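Here is work-v2.cif, consisting of mmCIF, C-alpha atoms:
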```cif
data_model
#
loop_
_atom_site.label_atom_id
_atom_site.label_comp_id
_atom_site.auth_asym_id
_atom_site.auth_seq_id
_atom_site.Cartn_x
_atom_site.Cartn_y
_atom_site.Cartn_z
CA MET A 76 -19.25 -0.37 -24.25
CA ALA A 77 -21.05 -3.45 -25.55
CA GLN A 78 -24.66 -3.15 -26.61
CA LYS A 79 -26.99 -4.96 -24.20
CA LEU A 80 -30.25 -6.69 -25.04
CA ARG A 81 -33.08 -7.91 -22.84
CA LEU A 82 -34.07 -11.52 -23.35
CA ARG A 83 -37.37 -12.52 -21.78
CA LEU A 84 -38.61 -16.09 -21.55
CA GLY A 85 -42.01 -16.32 -19.93
CA SER A 86 -41.64 -14.19 -16.81
CA VAL A 87 -37.85 -14.47 -16.60
CA ASP A 88 -35.55 -11.68 -17.75
CA ALA A 89 -31.92 -12.02 -18.76
CA THR A 90 -29.33 -9.70 -20.24
CA VAL A 91 -27.41 -10.43 -23.44
CA GLU A 92 -24.23 -8.61 -24.40
CA LEU A 93 -23.73 -8.33 -28.14
CA MET A 94 -20.31 -9.23 -29.59
CA ASP A 95 -19.86 -6.12 -31.68
CA GLY A 96 -16.11 -6.67 -31.74
CA ASP A 97 -15.96 -10.32 -32.81
CA ALA A 98 -19.17 -10.43 -34.80
CA PRO A 99 -19.83 -6.92 -36.10
CA GLU A 100 -21.88 -7.89 -39.18
CA THR A 101 -24.03 -10.38 -37.31
CA SER A 102 -24.58 -7.88 -34.49
CA ARG A 103 -25.69 -5.27 -37.00
CA LEU A 104 -28.01 -7.78 -38.62
CA LEU A 105 -29.53 -8.75 -35.29
CA ARG A 106 -30.20 -5.11 -34.40
CA THR A 107 -32.21 -4.70 -37.60
CA LEU A 108 -34.42 -7.64 -36.57
CA LEU A 109 -35.30 -6.34 -33.12
CA PRO A 110 -37.63 -6.42 -31.36
CA LEU A 111 -38.43 -10.13 -31.71
CA GLU A 112 -41.34 -11.83 -30.00
CA GLN A 113 -42.83 -15.24 -30.68
CA ARG A 114 -43.55 -18.54 -29.01
CA ALA A 115 -40.27 -20.07 -27.87
CA ARG A 116 -39.22 -23.37 -29.36
CA HIS A 117 -37.06 -25.95 -27.64
CA SER A 118 -34.48 -27.90 -29.56
CA MET A 119 -35.30 -31.54 -30.31
CA GLU A 120 -31.84 -32.40 -31.60
CA ASN A 121 -29.18 -30.31 -29.85
CA GLY A 122 -29.87 -30.52 -26.14
CA ARG A 123 -30.47 -27.44 -24.02
CA GLU A 124 -31.16 -24.89 -26.72
CA VAL A 125 -34.14 -22.52 -27.09
CA TYR A 126 -34.70 -20.64 -30.34
CA PHE A 127 -36.62 -18.20 -32.52
CA VAL A 128 -37.29 -18.94 -36.17
CA LEU A 129 -36.37 -15.87 -38.21
CA ASP A 130 -37.85 -14.75 -41.52
CA GLU A 131 -36.67 -16.95 -44.36
CA GLY A 132 -35.11 -13.93 -46.09
CA VAL A 133 -32.66 -13.24 -43.26
CA ASP A 134 -29.15 -13.66 -44.65
CA ILE A 135 -26.69 -14.64 -41.92
CA PRO A 136 -23.03 -14.01 -42.81
CA ASP A 137 -20.30 -16.51 -41.87
CA GLU A 138 -18.69 -14.81 -38.90
CA ASN A 139 -17.26 -15.70 -35.48
CA GLN A 140 -18.26 -19.31 -36.05
CA THR A 141 -17.78 -22.36 -33.88
CA ILE A 142 -18.98 -25.92 -33.60
CA TYR A 143 -18.08 -25.88 -29.89
CA GLN A 144 -21.00 -23.96 -28.43
CA THR A 145 -21.13 -23.39 -24.70
CA VAL A 146 -23.52 -22.34 -21.96
CA GLY A 147 -24.65 -18.72 -22.35
CA ASP A 148 -23.87 -18.46 -26.06
CA VAL A 149 -26.36 -16.59 -28.24
CA LEU A 150 -26.19 -17.98 -31.76
CA MET A 151 -27.39 -17.28 -35.27
CA TYR A 152 -27.29 -20.03 -37.89
CA TYR A 153 -29.33 -22.11 -40.30
CA LYS A 154 -31.24 -24.99 -38.73
CA PRO A 155 -32.43 -27.91 -40.87
CA SER A 156 -36.16 -27.32 -41.28
CA VAL A 157 -36.97 -30.94 -40.42
CA PHE A 158 -36.04 -30.10 -36.85
CA VAL A 159 -38.50 -27.21 -36.83
CA GLU A 160 -41.72 -28.54 -38.36
CA PRO A 161 -42.74 -32.11 -39.11
CA ASP A 162 -43.43 -31.53 -42.78
CA TRP A 163 -40.29 -31.06 -44.86
CA THR A 164 -40.78 -27.93 -46.89
CA GLY A 165 -39.36 -28.48 -50.34
CA TYR A 166 -38.45 -24.87 -50.95
CA ALA A 167 -36.75 -24.29 -47.61
CA ASN A 168 -34.58 -27.08 -46.26
CA GLN A 169 -33.03 -24.79 -43.68
CA LEU A 170 -34.34 -21.89 -41.68
CA PRO A 171 -32.42 -19.00 -40.10
CA VAL A 172 -32.68 -19.09 -36.33
CA LEU A 173 -31.52 -17.18 -33.30
CA SER A 174 -30.91 -19.42 -30.30
CA TRP A 175 -29.25 -19.62 -26.92
CA VAL A 176 -27.70 -22.44 -24.92
CA TYR A 177 -28.65 -22.78 -21.25
CA GLU A 178 -26.92 -25.96 -20.09
CA ARG A 179 -24.03 -28.33 -20.73
CA ASP A 180 -24.48 -31.37 -22.94
CA THR A 181 -25.49 -29.22 -25.88
CA ALA A 182 -24.04 -29.21 -29.39
CA ILE A 183 -25.64 -27.82 -32.52
CA MET A 184 -26.08 -30.64 -35.00
CA GLY A 185 -27.42 -31.04 -38.48
CA THR A 186 -28.53 -34.24 -40.08
CA TYR A 187 -24.91 -35.08 -41.07
CA GLY A 188 -22.85 -33.68 -38.19
CA PRO A 189 -21.99 -30.48 -36.35
CA ILE A 190 -23.19 -27.13 -37.66
CA ALA A 191 -20.98 -24.05 -37.45
CA THR A 192 -22.89 -21.27 -35.73
CA ASN A 193 -22.21 -17.57 -35.43
CA VAL A 194 -21.73 -16.54 -31.81
CA VAL A 195 -23.37 -13.12 -31.72
CA GLY A 196 -23.73 -12.59 -27.99
CA THR A 197 -23.40 -13.88 -24.46
CA ILE A 198 -25.95 -14.11 -21.67
CA VAL A 199 -24.29 -12.05 -18.94
CA GLU A 200 -27.11 -11.85 -16.37
CA GLY A 201 -30.12 -13.98 -15.56
CA LEU A 202 -28.85 -17.31 -16.84
CA GLU A 203 -29.98 -19.14 -13.70
CA GLY A 204 -33.55 -18.00 -14.25
CA LEU A 205 -33.47 -19.25 -17.83
CA GLN A 206 -32.07 -22.58 -16.61
CA ARG A 207 -35.22 -23.01 -14.52
CA GLU A 208 -37.72 -21.56 -16.97
CA ALA A 209 -36.73 -23.52 -20.08
CA PRO A 210 -37.13 -26.97 -18.43
CA ARG A 211 -40.37 -25.82 -16.81
CA MET A 212 -41.69 -24.92 -20.25
CA ARG A 213 -40.65 -28.32 -21.60
CA ARG A 214 -42.97 -29.82 -19.00
CA GLU A 215 -45.79 -27.29 -18.97
CA GLY A 216 -45.74 -25.89 -22.50
CA MET A 217 -43.61 -23.38 -24.34
CA GLY A 218 -44.45 -19.73 -23.70
CA THR A 219 -43.55 -16.42 -25.22
CA MET A 220 -39.98 -15.27 -25.73
CA SER A 221 -38.85 -11.79 -26.66
CA LEU A 222 -35.59 -10.04 -27.40
CA GLY A 223 -35.09 -6.29 -27.60
CA LEU A 224 -32.68 -3.48 -26.90
CA LEU A 225 -32.11 -2.85 -23.21
CA GLU A 226 -33.16 0.72 -22.50
CA MET B 66 -54.91 -85.58 -37.45
CA ALA B 67 -52.45 -83.62 -35.43
CA MET B 68 -53.56 -80.25 -34.14
CA THR B 69 -51.20 -77.34 -34.63
CA THR B 70 -51.22 -74.40 -32.31
CA THR B 71 -50.23 -70.97 -33.48
CA THR B 72 -49.23 -68.31 -31.02
CA LYS B 73 -50.70 -64.93 -31.69
CA PRO B 74 -47.92 -62.31 -31.95
CA ARG B 75 -47.95 -60.03 -28.96
CA LYS B 76 -48.72 -56.42 -29.60
CA LEU B 77 -48.75 -53.16 -27.69
CA LEU B 78 -51.38 -50.46 -27.52
CA LEU B 79 -50.16 -46.92 -26.99
CA ASP B 80 -52.63 -44.28 -25.86
CA LEU B 81 -51.28 -40.75 -25.84
CA ASP B 82 -53.91 -38.42 -24.44
CA GLY B 83 -56.62 -40.19 -26.46
CA ALA B 84 -54.64 -40.74 -29.67
CA THR B 85 -53.75 -44.38 -30.17
CA ALA B 86 -51.31 -46.53 -32.11
CA THR B 87 -50.37 -50.19 -32.02
CA ALA B 88 -46.92 -51.76 -32.09
CA SER B 89 -45.45 -55.20 -32.72
CA LEU B 90 -42.87 -56.74 -30.41
CA PHE B 91 -39.60 -58.08 -31.83
CA GLU B 92 -39.77 -61.27 -29.80
CA GLU B 93 -37.34 -63.25 -31.91
CA ARG B 94 -34.76 -60.48 -31.92
CA ALA B 95 -34.98 -59.39 -28.29
CA PRO B 96 -36.93 -62.10 -26.41
CA ARG B 97 -35.75 -61.29 -22.87
CA THR B 98 -36.36 -57.56 -23.24
CA CYS B 99 -39.80 -58.18 -24.75
CA GLU B 100 -40.72 -60.54 -21.92
CA ALA B 101 -39.57 -58.08 -19.28
CA VAL B 102 -41.53 -55.27 -20.90
CA TRP B 103 -44.64 -57.44 -21.31
CA ASN B 104 -44.56 -58.37 -17.64
CA ILE B 105 -44.74 -54.77 -16.39
CA LEU B 106 -47.62 -53.70 -18.66
CA PRO B 107 -49.69 -51.64 -18.43
CA VAL B 108 -47.43 -48.69 -17.77
CA SER B 109 -48.79 -45.16 -17.47
CA GLY B 110 -47.05 -41.86 -17.04
CA ARG B 111 -46.61 -38.45 -18.54
CA SER B 112 -44.55 -38.44 -21.71
CA ILE B 113 -41.96 -35.79 -22.45
CA HIS B 114 -40.52 -34.88 -25.84
CA ALA B 115 -36.87 -35.58 -26.59
CA ASN B 116 -34.38 -32.75 -26.87
CA TRP B 117 -31.39 -34.68 -28.26
CA SER B 118 -32.70 -37.27 -30.66
CA GLY B 119 -35.33 -35.86 -32.97
CA ARG B 120 -38.96 -36.93 -33.12
CA GLU B 121 -39.14 -39.04 -30.00
CA ILE B 122 -41.35 -39.07 -26.94
CA MET B 123 -40.26 -40.83 -23.76
CA LEU B 124 -42.14 -42.68 -21.07
CA HIS B 125 -40.07 -42.89 -17.91
CA LEU B 126 -40.43 -46.08 -15.88
CA GLU B 127 -40.73 -45.66 -12.15
CA GLY B 128 -41.50 -47.47 -8.90
CA ASP B 129 -42.16 -51.18 -9.40
CA LYS B 130 -42.16 -50.66 -13.18
CA ILE B 131 -38.53 -49.68 -13.41
CA LEU B 132 -36.44 -52.04 -15.56
CA ARG B 133 -32.68 -52.50 -15.28
CA LEU B 134 -31.97 -54.82 -18.20
CA PRO B 135 -28.68 -55.84 -19.84
CA GLN B 136 -27.82 -54.96 -23.42
CA GLU B 137 -29.53 -57.90 -25.14
CA VAL B 138 -28.94 -56.97 -28.77
CA PRO B 139 -25.51 -55.84 -29.99
CA VAL B 140 -25.60 -52.30 -31.31
CA HIS B 141 -22.97 -51.39 -33.88
CA SER B 142 -24.34 -47.98 -34.69
CA ASN B 143 -27.01 -45.71 -33.29
CA TYR B 144 -29.14 -46.15 -36.41
CA ILE B 145 -32.75 -45.45 -35.52
CA TYR B 146 -35.77 -45.33 -37.79
CA GLU B 147 -39.22 -43.79 -37.58
CA GLY B 148 -41.52 -46.10 -35.63
CA ASP B 149 -38.80 -47.70 -33.50
CA ILE B 150 -39.54 -48.29 -29.83
CA HIS B 151 -36.46 -48.73 -27.67
CA TYR B 152 -35.87 -49.72 -24.11
CA PHE B 153 -33.32 -47.19 -22.81
CA TYR B 154 -31.39 -47.24 -19.57
CA ARG B 155 -28.79 -44.84 -18.29
CA ALA B 156 -27.08 -45.51 -14.96
CA SER B 157 -26.70 -42.82 -12.34
CA SER B 158 -22.93 -42.83 -12.95
CA LEU B 159 -23.45 -41.41 -16.44
CA SER B 160 -24.42 -37.84 -15.71
CA ARG B 161 -25.40 -35.39 -18.39
CA GLY B 162 -25.61 -32.31 -16.25
CA LYS B 163 -28.85 -31.05 -14.78
CA GLN B 164 -32.05 -32.70 -16.03
CA LEU B 165 -34.48 -30.23 -14.54
CA ALA B 166 -37.22 -31.04 -17.05
CA TYR B 167 -37.41 -34.56 -15.62
CA SER B 168 -38.95 -35.64 -12.34
CA ALA B 169 -36.40 -35.76 -9.54
CA GLN B 170 -35.85 -39.52 -9.65
CA PHE B 171 -35.00 -39.41 -13.37
CA GLN B 172 -32.50 -36.63 -13.11
CA ARG B 173 -29.78 -39.27 -12.60
CA GLU B 174 -30.81 -42.89 -13.23
CA LEU B 175 -33.11 -43.17 -16.22
CA SER B 176 -35.15 -46.15 -17.42
CA GLU B 177 -37.62 -45.50 -20.20
CA PHE B 178 -39.42 -46.41 -23.39
CA ALA B 179 -38.20 -44.26 -26.27
CA ILE B 180 -40.85 -43.97 -28.97
CA PHE B 181 -39.72 -42.54 -32.31
CA TYR B 182 -42.89 -41.24 -33.94
CA GLY B 183 -41.44 -39.52 -37.01
CA GLU B 184 -38.41 -38.42 -38.96
CA PRO B 185 -35.79 -37.32 -38.21
CA ALA B 186 -35.49 -40.11 -35.64
CA GLY B 187 -32.33 -40.59 -33.63
CA GLU B 188 -30.61 -37.70 -35.39
CA GLY B 189 -28.95 -34.69 -33.88
CA LEU B 190 -26.66 -34.99 -30.91
CA SER B 191 -27.73 -38.53 -30.06
CA ALA B 192 -26.36 -39.81 -33.37
CA TYR B 193 -22.85 -38.43 -33.02
CA ASP B 194 -22.04 -38.48 -29.34
CA PRO B 195 -19.96 -41.47 -28.15
CA PRO B 196 -21.37 -41.32 -24.59
CA ARG B 197 -24.77 -42.07 -26.11
CA THR B 198 -23.56 -45.33 -27.63
CA PRO B 199 -24.62 -48.39 -25.64
CA HIS B 200 -22.11 -50.29 -23.52
CA LEU B 201 -22.04 -53.93 -22.61
CA ASP B 202 -21.49 -53.24 -18.94
CA GLY B 203 -25.00 -51.91 -18.46
CA VAL B 204 -24.11 -48.28 -17.83
CA HIS B 205 -26.05 -47.29 -20.92
CA VAL B 206 -28.43 -49.73 -22.59
CA VAL B 207 -30.44 -49.29 -25.78
CA CYS B 208 -32.53 -52.14 -27.16
CA LYS B 209 -34.97 -51.86 -30.04
CA PHE B 210 -37.75 -54.21 -28.91
CA ALA B 211 -40.79 -53.10 -30.91
CA ALA B 212 -41.98 -50.91 -33.77
CA LEU B 213 -45.15 -48.94 -34.34
CA ASP B 214 -47.41 -50.63 -36.87
CA ARG B 215 -47.68 -48.92 -40.25
CA PRO B 216 -49.10 -46.62 -41.18
CA ILE B 217 -48.53 -44.72 -37.96
CA PRO B 218 -51.87 -42.97 -37.29
CA GLU B 219 -51.62 -39.29 -38.16
CA ALA B 220 -53.54 -38.29 -35.03
CA PHE B 221 -50.97 -40.11 -32.90
CA ARG B 222 -48.04 -38.49 -34.70
CA LEU B 223 -49.57 -35.04 -34.33
CA LYS B 224 -50.25 -35.62 -30.65
CA CYS B 225 -46.62 -36.65 -30.17
CA GLU B 226 -45.46 -33.53 -31.99
CA SER B 227 -47.71 -31.37 -29.83
CA THR B 228 -45.79 -32.41 -26.70
CA ARG B 229 -42.91 -30.29 -28.01
CA HIS B 230 -45.00 -27.15 -27.67
CA GLU B 231 -47.70 -27.99 -25.14
CA GLY B 232 -45.71 -29.98 -22.59
CA LEU B 233 -46.23 -33.35 -20.97
CA LYS B 234 -49.16 -35.56 -21.96
CA PRO B 235 -50.52 -38.74 -20.40
CA LEU B 236 -49.32 -41.93 -22.08
CA THR B 237 -50.31 -45.52 -21.35
CA VAL B 238 -48.60 -48.52 -22.93
CA SER B 239 -50.63 -51.69 -22.48
CA ARG B 240 -51.06 -55.18 -23.89
CA LEU B 241 -53.21 -55.30 -27.00
CA GLU B 242 -55.33 -58.36 -26.23
#
```
Same coordinates, now as structure tokens:
Amino acid sequence: MAQKLRLRLGSVDATVELMDGDAPETSRLLRTLLPLEQRARHSMENGREVYFVLDEGVDIPDENQTIYQTVGDVLMYYKPSVFVEPDWTGYANQLPVLSWVYERDTAIMGTYGPIATNVVGTIVEGLEGLQREAPRMRREGMGTMSLGLLE
Amino acid sequence: MAMTTTTKPRKLLLDLDGATATASLFEERAPRTCEAVWNILPVSGRSIHANWSGREIMLHLEGDKILRLPQEVPVHSNYIYEGDIHYFYRASSLSRGKQLAYSAQFQRELSEFAIFYGEPAGEGLSAYDPPRTPHLDGVHVVCKFAALDRPIPEAFRLKCESTRHEGLKPLTVSRLE
């Protein structure tokens, strides 16, 4: 039975199913990082994507990758740091992130084209709530997001 | 002795929640777009940060300020640079899925000023997606009609950046007399 996680954005809860079968190493890595809680960030370059910035030392393996992300995907990959903070940090030109896609018209892009991302999970419940909450936060300000094991 | 008259170049004043910047119109390059924009000023609204095209804030045009202009300047690539200000129009026939972060009237037809306040500008999905390339039939129009004067004030850039995290902020674009 697939491991389930609880994703909370603001006051909205959703359930994520980990892809232990297709992405076993990435799933293991993600478990070691939980629980995560920080202010959510909205993509400025990819469309309808919300993400966490992970510690710079997190080493994401190449696994279960795609450049054709879809609604409900939970992803781990390296995002160009210019899309995260305005000041380019010379020592870190990319940052590991965990993100999820909540609507169509989304594709993960770098500064030179598509980025291959690990698909580590799928949002299996609560997507509709996230589809309301993420745009609301774009208008009213980004709030807290958390991810942890579902008890 | 003959008198010569010089016309003062027309400029814009942008006020984003108290942080200001000025911009110069490209009247020789895009005269009809510049004239149309000039005629609707001042325009006020609440700006929203881009989610496809990098460091950009948008001011949606509504009511009697809405512009439906043709593609005045040929665009051969989507090359965009920090400081660019574009007139952008997307017809209701070109849907991009739900646009719940926008006011209801902009969830389909969209007419706006696109203000690129920093780098990366025009990167990400907007740079590589054919449906985001302008068309001559007016379904999707992009015209660079002005640029922020250099240096772009740091307070203005930071205020633009803060819309990513803090949400919409009031923006007025007016004539700099």
Return as an mmCIF file with C-alpha atoms, in the coordinates of the input the residues belonging to chain B that are within 8 Å of chain A, counting all atoms listed in the file.
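The file below, out_25.cif, is the result:
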```cif
data_model
loop_
_atom_site.group_PDB
_atom_site.id
_atom_site.type_symbol
_atom_site.label_atom_id
_atom_site.label_comp_id
_atom_site.auth_asym_id
_atom_site.auth_seq_id
_atom_site.Cartn_x
_atom_site.Cartn_y
_atom_site.Cartn_z
ATOM 1 C CA ILE B 113 -41.960 -35.790 -22.450
ATOM 2 C CA HIS B 114 -40.520 -34.880 -25.840
ATOM 3 C CA ALA B 115 -36.870 -35.580 -26.590
ATOM 4 C CA ASN B 116 -34.380 -32.750 -26.870
ATOM 5 C CA TRP B 117 -31.390 -34.680 -28.260
ATOM 6 C CA SER B 118 -32.700 -37.270 -30.660
ATOM 7 C CA GLY B 119 -35.330 -35.860 -32.970
ATOM 8 C CA ARG B 120 -38.960 -36.930 -33.120
ATOM 9 C CA ARG B 161 -25.400 -35.390 -18.390
ATOM 10 C CA GLY B 162 -25.610 -32.310 -16.250
ATOM 11 C CA LYS B 163 -28.850 -31.050 -14.780
ATOM 12 C CA LEU B 165 -34.480 -30.230 -14.540
ATOM 13 C CA ALA B 166 -37.220 -31.040 -17.050
ATOM 14 C CA GLY B 183 -41.440 -39.520 -37.010
ATOM 15 C CA GLU B 184 -38.410 -38.420 -38.960
ATOM 16 C CA PRO B 185 -35.790 -37.320 -38.210
ATOM 17 C CA GLU B 188 -30.610 -37.700 -35.390
ATOM 18 C CA GLY B 189 -28.950 -34.690 -33.880
ATOM 19 C CA LEU B 190 -26.660 -34.990 -30.910
ATOM 20 C CA SER B 191 -27.730 -38.530 -30.060
ATOM 21 C CA TYR B 193 -22.850 -38.430 -33.020
ATOM 22 C CA GLU B 226 -45.460 -33.530 -31.990
ATOM 23 C CA THR B 228 -45.790 -32.410 -26.700
ATOM 24 C CA ARG B 229 -42.910 -30.290 -28.010
ATOM 25 C CA HIS B 230 -45.000 -27.150 -27.670
ATOM 26 C CA GLU B 231 -47.700 -27.990 -25.140
ATOM 27 C CA GLY B 232 -45.710 -29.980 -22.590
ATOM 28 C CA LEU B 233 -46.230 -33.350 -20.970
#
```
Spatial neighbours of Glu93 (chain B), 12 Å, only C-alpha atoms, chain gap at least 3 places, as a PyMOL selection string = chain B and resi 74-75+89-90+96-100+137-138+209-211
Residue IDs satisfying the PyMOL selection byres ((chain B and resi 242) around 8), as an NGL selection string = :B and (76 or 240-241)
If the PyMOL selection byres ((chain A and resi 108) around 10) is run on the structure shown, which residues does it catch, given as an MDAnalysis selection string?
-> chainID A and resid 103:107 109:111 129:130 133 222:223
Kindly give the distance, in Å, that separates CA of Ala191 (chain A) and CA of Glu131 (chain A), rounded to a single decimal.
->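 Answer for the CA of Ala191 (chain A) to CA of Glu131 (chain A) separation: 18.6 Å.
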Considering only C-alpha atoms, state which residue in the set B:Tyr182, B:Ala101, B:Asp80, B:Tyr146 is at the smallest distance from Glu219 (chain B).
-> B:Tyr182
Convert the output of the PyMOL selection byres ((chain A and resi 141-154) around 8) on the shown file into explicit residues, formatted as a PyMOL selection string.
-> chain A and resi 91+101+135+139-140+155-156+158-159+169-179+181-183+185+189-199+202
Restricted to C-alpha atoms, what would the selected residues look like written as a short mmCIF file (atom, residue, chain, number, x, y, z; two decimals), in the frame of the given file?
```
data_model
loop_
_atom_site.label_atom_id
_atom_site.label_comp_id
_atom_site.auth_asym_id
_atom_site.auth_seq_id
_atom_site.Cartn_x
_atom_site.Cartn_y
_atom_site.Cartn_z
CA VAL A 91 -27.41 -10.43 -23.44
CA THR A 101 -24.03 -10.38 -37.31
CA ILE A 135 -26.69 -14.64 -41.92
CA ASN A 139 -17.26 -15.70 -35.48
CA GLN A 140 -18.26 -19.31 -36.05
CA PRO A 155 -32.43 -27.91 -40.87
CA SER A 156 -36.16 -27.32 -41.28
CA PHE A 158 -36.04 -30.10 -36.85
CA VAL A 159 -38.50 -27.21 -36.83
CA GLN A 169 -33.03 -24.79 -43.68
CA LEU A 170 -34.34 -21.89 -41.68
CA PRO A 171 -32.42 -19.00 -40.10
CA VAL A 172 -32.68 -19.09 -36.33
CA LEU A 173 -31.52 -17.18 -33.30
CA SER A 174 -30.91 -19.42 -30.30
CA TRP A 175 -29.25 -19.62 -26.92
CA VAL A 176 -27.70 -22.44 -24.92
CA TYR A 177 -28.65 -22.78 -21.25
CA GLU A 178 -26.92 -25.96 -20.09
CA ARG A 179 -24.03 -28.33 -20.73
CA THR A 181 -25.49 -29.22 -25.88
CA ALA A 182 -24.04 -29.21 -29.39
CA ILE A 183 -25.64 -27.82 -32.52
CA GLY A 185 -27.42 -31.04 -38.48
CA PRO A 189 -21.99 -30.48 -36.35
CA ILE A 190 -23.19 -27.13 -37.66
CA ALA A 191 -20.98 -24.05 -37.45
CA THR A 192 -22.89 -21.27 -35.73
CA ASN A 193 -22.21 -17.57 -35.43
CA VAL A 194 -21.73 -16.54 -31.81
CA VAL A 195 -23.37 -13.12 -31.72
CA GLY A 196 -23.73 -12.59 -27.99
CA THR A 197 -23.40 -13.88 -24.46
CA ILE A 198 -25.95 -14.11 -21.67
CA VAL A 199 -24.29 -12.05 -18.94
CA LEU A 202 -28.85 -17.31 -16.84
#
```
Write out as a PyMOL selection string each polymer residue whose atoms come within 8 Å of Lys79 (chain A), counting all atoms listed in the file; drop sequence neighbours fewer than 4 positions from it.
-> chain A and resi 90-93+224-225
Taking C-alpha atoms for each residue, export the selection above as an mmCIF file, keeping the file's coordinate frame.
```
data_model
loop_
_atom_site.group_PDB
_atom_site.id
_atom_site.type_symbol
_atom_site.label_atom_id
_atom_site.label_comp_id
_atom_site.auth_asym_id
_atom_site.auth_seq_id
_atom_site.Cartn_x
_atom_site.Cartn_y
_atom_site.Cartn_z
ATOM 1 C CA THR A 90 -29.330 -9.700 -20.240
ATOM 2 C CA VAL A 91 -27.410 -10.430 -23.440
ATOM 3 C CA GLU A 92 -24.230 -8.610 -24.400
ATOM 4 C CA LEU A 93 -23.730 -8.330 -28.140
ATOM 5 C CA LEU A 224 -32.680 -3.480 -26.900
ATOM 6 C CA LEU A 225 -32.110 -2.850 -23.210
#
```
Kindly indicate which residue among B:Glu177, B:Asp194, B:Glu127, B:Glu92 lies nearest to Ala212 (chain B), using all atoms listed in the file for the distances.
-> B:Glu92
Counting all atoms listed in the file, the residue of A:Glu112, A:Pro136, A:Asn168, A:Tyr126 that sits nearest Arg81 (chain A) =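 Smallest distance to Arg81 (chain A) is found for A:Glu112.
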Within 8 Å of Ala86 (chain B), counting all atoms listed in the file, which residues qualify if same-chain residues fewer than 6 places away don't, as a ChimeraX atom specification?
-> /B:78-80,213-214,217-218,221
Mind giving me the straight-line distance from CA of Leu124 (chain B) to CA of Ser109 (chain B) in Å, one decimal?
-> 8.0 Å
For CA of Pro195 (chain B) and CA of Ala95 (chain B), the interatomic separation in Å (one decimal) = 23.4 Å
Find the residue from B:His151, B:Arg111, B:His125, B:Arg94 that sits nearest to Asp82 (chain B); use only C-alpha atoms when measuring.
->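 Between B:His151, B:Arg111, B:His125, B:Arg94, the residue approaching Asp82 (chain B) most closely is B:Arg111.
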Nearest to Gly110 (chain B) by atom-to-atom distance, counting all atoms listed in the file, from B:Val204, B:Phe178, B:Phe91, B:Gly187 =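 Comparing B:Val204, B:Phe178, B:Phe91, B:Gly187 against Gly110 (chain B), the winner is B:Phe178.
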Which residue gives the smallest distance to Cys208 (chain B) among B:Ile150, B:Leu81, B:Ile105, B:Met123, with only C-alpha atoms counted?
->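 So, comparing all the options, the nearest one is B:Ile150.
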Atoms are missing here; could region 192-203 of chain A be completed with N, CA and C atoms and written as a PDB file, in the frame of the given file?
```pdb
ATOM      1  N   THR A 192     -21.925 -22.320 -36.078  1.00  0.00           N
ATOM      2  CA  THR A 192     -22.890 -21.270 -35.730  1.00  0.00           C
ATOM      3  C   THR A 192     -22.148 -19.969 -35.433  1.00  0.00           C
ATOM      4  N   ASN A 193     -22.751 -18.858 -35.820  1.00  0.00           N
ATOM      5  CA  ASN A 193     -22.210 -17.570 -35.430  1.00  0.00           C
ATOM      6  C   ASN A 193     -22.503 -17.337 -33.948  1.00  0.00           C
ATOM      7  N   VAL A 194     -21.488 -16.959 -33.194  1.00  0.00           N
ATOM      8  CA  VAL A 194     -21.730 -16.540 -31.810  1.00  0.00           C
ATOM      9  C   VAL A 194     -21.876 -15.026 -31.855  1.00  0.00           C
ATOM     10  N   VAL A 195     -23.097 -14.562 -31.585  1.00  0.00           N
ATOM     11  CA  VAL A 195     -23.370 -13.120 -31.720  1.00  0.00           C
ATOM     12  C   VAL A 195     -23.485 -12.441 -30.365  1.00  0.00           C
ATOM     13  N   GLY A 196     -23.599 -13.214 -29.303  1.00  0.00           N
ATOM     14  CA  GLY A 196     -23.730 -12.590 -27.990  1.00  0.00           C
ATOM     15  C   GLY A 196     -23.535 -13.591 -26.871  1.00  0.00           C
ATOM     16  N   THR A 197     -23.553 -13.054 -25.663  1.00  0.00           N
ATOM     17  CA  THR A 197     -23.400 -13.880 -24.460  1.00  0.00           C
ATOM     18  C   THR A 197     -24.439 -13.449 -23.435  1.00  0.00           C
ATOM     19  N   ILE A 198     -25.022 -14.419 -22.762  1.00  0.00           N
ATOM     20  CA  ILE A 198     -25.950 -14.110 -21.670  1.00  0.00           C
ATOM     21  C   ILE A 198     -25.099 -13.757 -20.449  1.00  0.00           C
ATOM     22  N   VAL A 199     -25.174 -12.508 -20.022  1.00  0.00           N
ATOM     23  CA  VAL A 199     -24.290 -12.050 -18.940  1.00  0.00           C
ATOM     24  C   VAL A 199     -25.008 -11.934 -17.598  1.00  0.00           C
ATOM     25  N   GLU A 200     -26.340 -11.890 -17.633  1.00  0.00           N
ATOM     26  CA  GLU A 200     -27.110 -11.850 -16.370  1.00  0.00           C
ATOM     27  C   GLU A 200     -28.383 -12.656 -16.582  1.00  0.00           C
ATOM     28  N   GLY A 201     -28.820 -13.313 -15.532  1.00  0.00           N
ATOM     29  CA  GLY A 201     -30.120 -13.980 -15.560  1.00  0.00           C
ATOM     30  C   GLY A 201     -30.110 -15.397 -16.094  1.00  0.00           C
ATOM     31  N   LEU A 202     -28.922 -15.959 -16.285  1.00  0.00           N
ATOM     32  CA  LEU A 202     -28.850 -17.310 -16.840  1.00  0.00           C
ATOM     33  C   LEU A 202     -29.541 -18.340 -15.934  1.00  0.00           C
ATOM     34  N   GLU A 203     -29.389 -18.162 -14.621  1.00  0.00           N
ATOM     35  CA  GLU A 203     -29.980 -19.140 -13.700  1.00  0.00           C
ATOM     36  C   GLU A 203     -31.500 -19.197 -13.837  1.00  0.00           C
TER      37      GLU A 203
END
```
